[in-house]
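Engineer: Here it is, the structure in full.
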Number of protein chains: 2
Amino acid sequence: SLPSAKNTNTTNRSPDAILNLVQGDPTVFEPYWRNQGDKCTLLISGSDFMSYYSDCENICWFLQPQLADAIRNIHRDVGNAVLDGRHIVIGAGSTQLFQAAVYALSSPAGPEPISVVSAAPYYSRYPEEIEFLSSGLYKWGGDANTFDKDGPYIEVVNSPNNPDGTSRDAVVNRSEGRLIHDCAYYWPHYTPITGAADHNVMLFTLSKCTGHAGSRIGWAIVKDIEVAKKMIKFVEFNSLGVCKESQLRAAKILETISNEYSNLGCTKTANFFEYGQRLMAERWRKLREVIKRSKVFSLPEYPKECCNFSGEFMESHPAFAWLQSKGNMDAEKLLRSHKMMGKGGKYFGVDSKYARVSVVGREEDFNLLLERLWAIKGEETE
Amino acid sequence: SLPSAKNTNTTNRSPDAILNLVQGDPTVFEPYWRNQGDKCTLLISGSDFMSYYSDCENICWFLQPQLADAIRNIHRDVGNAVLDGRHIVIGAGSTQLFQAAVYALSSPAGPEPISVVSAAPYYSRYPEEIEFLSSGLYKWGGDANTFDKDGPYIEVVNSPNNPDGTSRDAVVNRSEGRLIHDCAYYWPHYTPITGAADHNVMLFTLSKCTGHAGSRIGWAIVKDIEVAKKMIKFVEFNSLGVCKESQLRAAKILETISNEYSNLGCTKTANFFEYGQRLMAERWRKLREVIKRSKVFSLPEYPKECCNFSGEFMESHPAFAWLQSKGNMDAEKLLRSHKMMGKGGKYFGVDSKYARVSVVGREEDFNLLLERLWAIKGEETE
């Protein structure tokens, strides 16, 4: 029988309703934050933070100092990134910062637009974000695995990778390469923390760290001050800074987690990342159990590695399941015919036998995913 | 003697400190909001608004319904814009929405980039924002007064205009023109409201309306649903929506103003716009008194018009003073030699005998501006 799904919150939607698993809306963490009560309630009075400016002493003049502190503290607690001597640039999610980084690494303009590449399967928004303004500074160069153009290029290394959850290094490795490391998922609930990432430009986002996607807060950790300055210029041109309210909320939420570490009297079970690790491990255990019996789909396997944060050997539990059709069918269509919407492989630069579905939605949606995947299996064996 | 300046909050800065009046940081309204006490305090708990989505029924899926309501109500109260049957698109300030509008009106790409023009003196950020990504969709076309290229073009009409405070209409007026109306300053504290603006694309921003620049909330009022959809696509590509916290704050702040109108027991003096009108009128009275005796600078004159909102004849009281050097000197340098930083005419596409200074800063800065302008006058007559 289907593991535990039937015992949990039942859905009150119609059995014919389509289950949308296209976006990785990280609402899985809502119950955790609800249980925190008033500890992370944000209160802002009418006259607070009216100015464009946050900190005129900082090159990133629109970064609230309390958020900068909270970011340094959370990385120190988790041990997933080197911050000493680095510059923090804040943005409207890592979406804006990805574009800021591409702008910074492609300015001033060369004789032709610089190619931006990423190894397939790559995050489907990279090509969209690179191409939509037809910039003369940069252009989408496709799959990094097959990129063979001479001259400067930008490679985006997304590790752990969206959509397939794998750990990654740069693949082009030529002297004129400029690298952006998208580390959105390099947090203990998704993957073992095997060391402090130490790259020229690293992108993080609150959406994937704590689940607060609605706040649109991302941060870049940047080695070279000139690159940081150009990224700041981008955010200035693009949106004249980043809203203070969500910066303050992000600071509050991150501080709540850091306080759990500094508070020795706090029980281990209360910690957000440990909670998240258990939750994601449990979801993946259920998902793998369903998929194991499936004649239709398979899932990638992830190696067990020692997580420096938890001190335990564990495998990755990505925010998305990267389904592969065993029969080389169109995986997105196959899901659709069973009332599930995923995102097909072609959006990520690979074969349509793959499709990505979110596993970080609300519990009822995750359980419905399990039920419907189980039902496909049933059908095949009838 | 210098009118009232000496009786007000004294500055505790060194007399040699440079007075920065380059940006229009609208902190003038801080005391008003401080006096509102808890009425507009925002409270958000840790698990609120975690999703990317705000309203899946709305084409602008990242717009919080309470903000959409608050925007409709404030325009109804003030009577400065037609909203019936229009679409609201939310953005990170009007900065992001200006770029979204230009993208929407230039997509899909034509055979060459479309020219974006605005009558000089034009807002100095327009050329910067248009040019920084070297888009193939659009390019900066300069002063609309001298634009004579055939074919489609985009004209930005900024009315009241930043930097010079004038009311404006489109100047190119050709059949292939596409218009963006930047109405950031079309509020009663800056200018008489002579009617409800009714244009294809109108941009507004909380920064200039209530002074909450730190919230980075702007909105566009758009007639054509296809244009609105492209603008929404831009905000999606650019930042995956707009942060919920600042949307909620904007809604709260705007509701506070609207409630003053619906509350019949409320005294007139409590109303934000009437307060703002008096405050700005008083600042301009003092400024004109200083400038009247100046042999160095002059100011533009604005016609008295009937304001439908207040029911009174009044002239404009812009957020910036547009100073002209009587002796055709470089106005920015002249200010600088008297320890004031303004923004010179060349940034706005006109002669350097002009310079723009903010008159919406904190009271001590405004008073220091008066003192220093007065001192120049003194020097000249010695």
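To be explicit about the labels: the chains of the structure tokens are called A, B, and onward in the order shown, and within each one the residues are counted from 1, while ligands get numbers from 1 in the order they are shown.
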At a cut-off of 7 Å, list the chain A residues touching chain B, using only C-alpha atoms, as a PyMOL selection string.
Structural biologist: chain A and resi 25-27+30+33-34+38+40-47+49-52+92-93+95-96+129+133-137+211-216+237-240+242-246
Engineer: Using DSSP on the backbone coordinates, identify the residues of range 21-182 of chain B assigned to alpha helix (DSSP H); present them as a ChimeraX atom specification.
Structural biologist: /B:30-35,65-78,93-106,125-131
Engineer: So how many Å separate CA of Asn73 in chain B and CA of Ile232 in chain B, to one decimal?
Structural biologist: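 About the pair CA of Asn73 in chain B and CA of Ile232 in chain B: they are 22.0 Å apart.
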Engineer: Separation of CA of Ser352 in chain B and CA of Pro300 in chain B, in Å?
Structural biologist: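 Taking CA of Ser352 in chain B and CA of Pro300 in chain B, their separation equals 15.8 Å.
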Engineer: Looking at only C-alpha atoms, which of B:Asn259, B:Asn308, B:Ser358, B:Asn271 is the one that sits closest to Arg283 in chain B?
Structural biologist: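 Closest residue, counting only C-alpha atoms: B:Ser358.
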Engineer: From a DSSP pass on the backbone, collect the residues of range 128-334 of chain B flagged as strand (DSSP E or B) and hand them back as a ChimeraX atom specification.
Structural biologist: /B:135,138-143,153-158,177-182,197,201-205,217-222,297-298,305-307,312-314,320-325
Engineer: Those residues with N, CA and C atoms, as a CSV table (one decimal), in the first residue's frame please?
Structural biologist:
chain,number,residue,atom,x,y,z
B,135,SER,N,20.3,47.1,-24.8
B,135,SER,CA,19.2,46.3,-25.4
B,135,SER,C,19.1,46.4,-26.9
B,138,TYR,N,15.4,48.5,-27.6
B,138,TYR,CA,15.2,49.9,-27.5
B,138,TYR,C,16.5,50.6,-27.3
B,139,LYS,N,16.5,51.9,-27.5
B,139,LYS,CA,17.7,52.7,-27.3
B,139,LYS,C,17.3,54.1,-26.9
B,140,TRP,N,18.1,54.9,-26.2
B,140,TRP,CA,17.8,56.2,-25.8
B,140,TRP,C,17.9,57.1,-27.1
B,141,GLY,N,16.8,57.9,-27.3
B,141,GLY,CA,16.8,58.8,-28.5
B,141,GLY,C,16.9,60.3,-28.2
B,142,GLY,N,17.1,60.6,-26.9
B,142,GLY,CA,17.4,62.0,-26.5
B,142,GLY,C,16.2,62.8,-26.3
B,143,ASP,N,16.4,64.1,-26.5
B,143,ASP,CA,15.3,65.2,-26.3
B,143,ASP,C,14.2,65.0,-27.3
B,153,TYR,N,8.3,55.1,-32.1
B,153,TYR,CA,9.1,55.6,-31.1
B,153,TYR,C,8.3,55.5,-29.8
B,154,ILE,N,9.0,55.7,-28.6
B,154,ILE,CA,8.3,55.7,-27.3
B,154,ILE,C,8.7,57.1,-26.7
B,155,GLU,N,7.6,57.8,-26.3
B,155,GLU,CA,7.9,59.1,-25.6
B,155,GLU,C,7.5,59.0,-24.2
B,156,VAL,N,8.4,59.4,-23.3
B,156,VAL,CA,8.0,59.4,-21.9
B,156,VAL,C,7.6,60.8,-21.5
B,157,VAL,N,6.4,61.0,-21.0
B,157,VAL,CA,5.9,62.3,-20.6
B,157,VAL,C,5.9,62.3,-19.1
B,158,ASN,N,6.7,63.1,-18.5
B,158,ASN,CA,6.9,63.1,-17.0
B,158,ASN,C,6.2,64.4,-16.6
B,177,GLY,N,3.7,56.9,-32.4
B,177,GLY,CA,4.2,57.1,-31.0
B,177,GLY,C,3.5,56.2,-30.0
B,178,ARG,N,4.3,55.7,-29.1
B,178,ARG,CA,3.7,54.9,-28.0
B,178,ARG,C,4.1,55.7,-26.7
B,179,LEU,N,3.2,56.0,-25.8
B,179,LEU,CA,3.4,56.9,-24.7
B,179,LEU,C,3.5,56.2,-23.4
B,180,ILE,N,4.4,56.7,-22.6
B,180,ILE,CA,4.4,56.3,-21.1
B,180,ILE,C,4.3,57.6,-20.4
B,181,HIS,N,3.3,57.7,-19.5
B,181,HIS,CA,3.1,58.9,-18.6
B,181,HIS,C,3.7,58.6,-17.3
B,182,ASP,N,4.7,59.2,-16.9
B,182,ASP,CA,5.3,59.1,-15.6
B,182,ASP,C,4.7,60.1,-14.7
B,197,ALA,N,-6.1,61.8,-14.6
B,197,ALA,CA,-5.2,61.5,-15.8
B,197,ALA,C,-5.7,60.2,-16.4
B,201,VAL,N,-0.5,54.2,-20.5
B,201,VAL,CA,0.4,53.6,-19.4
B,201,VAL,C,0.7,54.7,-18.5
B,202,MET,N,0.3,54.7,-17.2
B,202,MET,CA,0.7,55.7,-16.2
B,202,MET,C,1.4,55.0,-15.1
B,203,LEU,N,2.5,55.7,-14.7
B,203,LEU,CA,3.4,55.2,-13.6
B,203,LEU,C,3.2,56.0,-12.3
B,204,PHE,N,3.1,55.4,-11.2
B,204,PHE,CA,3.0,56.1,-9.9
B,204,PHE,C,4.0,55.3,-9.0
B,205,THR,N,4.3,56.0,-7.9
B,205,THR,CA,5.2,55.4,-6.9
B,205,THR,C,4.9,55.9,-5.5
B,217,ILE,N,8.0,50.5,-3.8
B,217,ILE,CA,6.7,50.1,-4.4
B,217,ILE,C,6.2,51.1,-5.4
B,218,GLY,N,6.0,50.6,-6.6
B,218,GLY,CA,5.4,51.5,-7.7
B,218,GLY,C,4.3,50.7,-8.3
B,219,TRP,N,3.4,51.5,-9.0
B,219,TRP,CA,2.4,50.8,-9.7
B,219,TRP,C,2.1,51.5,-11.0
B,220,ALA,N,1.7,50.6,-12.0
B,220,ALA,CA,1.4,51.1,-13.3
B,220,ALA,C,-0.1,50.9,-13.5
B,221,ILE,N,-0.7,51.9,-14.1
B,221,ILE,CA,-2.2,51.8,-14.5
B,221,ILE,C,-2.2,51.7,-16.0
B,222,VAL,N,-2.7,50.5,-16.5
B,222,VAL,CA,-2.5,50.2,-17.9
B,222,VAL,C,-3.8,49.9,-18.6
B,297,PHE,N,20.7,83.3,-8.5
B,297,PHE,CA,19.8,82.2,-9.0
B,297,PHE,C,18.4,82.8,-9.2
B,298,SER,N,17.8,82.1,-10.2
B,298,SER,CA,16.3,82.3,-10.3
B,298,SER,C,15.6,81.0,-10.3
B,305,GLU,N,-3.5,77.3,-10.6
B,305,GLU,CA,-4.6,76.6,-11.2
B,305,GLU,C,-5.5,76.0,-10.1
B,306,CYS,N,-6.8,75.7,-10.5
B,306,CYS,CA,-7.7,75.2,-9.5
B,306,CYS,C,-7.4,73.8,-9.2
B,307,CYS,N,-7.2,73.4,-8.0
B,307,CYS,CA,-7.0,72.0,-7.6
B,307,CYS,C,-8.3,71.4,-7.2
B,312,GLU,N,-9.0,74.7,-4.1
B,312,GLU,CA,-8.4,76.1,-4.1
B,312,GLU,C,-7.5,76.3,-5.3
B,313,PHE,N,-7.3,77.6,-5.6
B,313,PHE,CA,-6.3,77.9,-6.6
B,313,PHE,C,-4.9,77.9,-6.0
B,314,MET,N,-4.1,77.2,-6.6
B,314,MET,CA,-2.7,77.1,-6.1
B,314,MET,C,-1.7,76.9,-7.2
B,320,PHE,N,11.6,69.3,-6.3
B,320,PHE,CA,12.9,69.8,-6.5
B,320,PHE,C,12.8,71.3,-6.9
B,321,ALA,N,13.9,72.0,-6.5
B,321,ALA,CA,14.0,73.4,-7.0
B,321,ALA,C,14.9,73.3,-8.2
B,322,TRP,N,14.5,73.9,-9.3
B,322,TRP,CA,15.3,73.9,-10.6
B,322,TRP,C,15.9,75.3,-10.7
B,323,LEU,N,17.1,75.4,-10.2
B,323,LEU,CA,17.8,76.7,-10.1
B,323,LEU,C,18.5,77.1,-11.4
B,324,GLN,N,18.3,78.3,-11.8
B,324,GLN,CA,19.0,78.8,-13.0
B,324,GLN,C,20.0,79.9,-12.6
B,325,SER,N,21.2,79.8,-13.0
B,325,SER,CA,22.2,80.8,-12.7
B,325,SER,C,21.9,82.1,-13.6
Engineer: My list of candidates is B:Val117, B:Met340, B:Ile225, B:Ile376. Which is closest to Ile18 in chain B when distances are computed with only C-alpha atoms?
Structural biologist: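 Nearest to Ile18 in chain B: B:Met340.
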Engineer: Enter the distance from CA of Lys286 in chain B to CA of Leu370 in chain B, in Å, rounded to one decimal.
Structural biologist: 7.7 Å
Engineer: Rank A:Ile59, A:Leu206, A:Ile114, A:Leu254 by their smallest atom-to-atom distance to Arg72 in chain A, using only C-alpha atoms, and report the top residue only.
Structural biologist: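 When distances to Arg72 in chain A are compared using only C-alpha atoms, the smallest one comes from A:Leu254.
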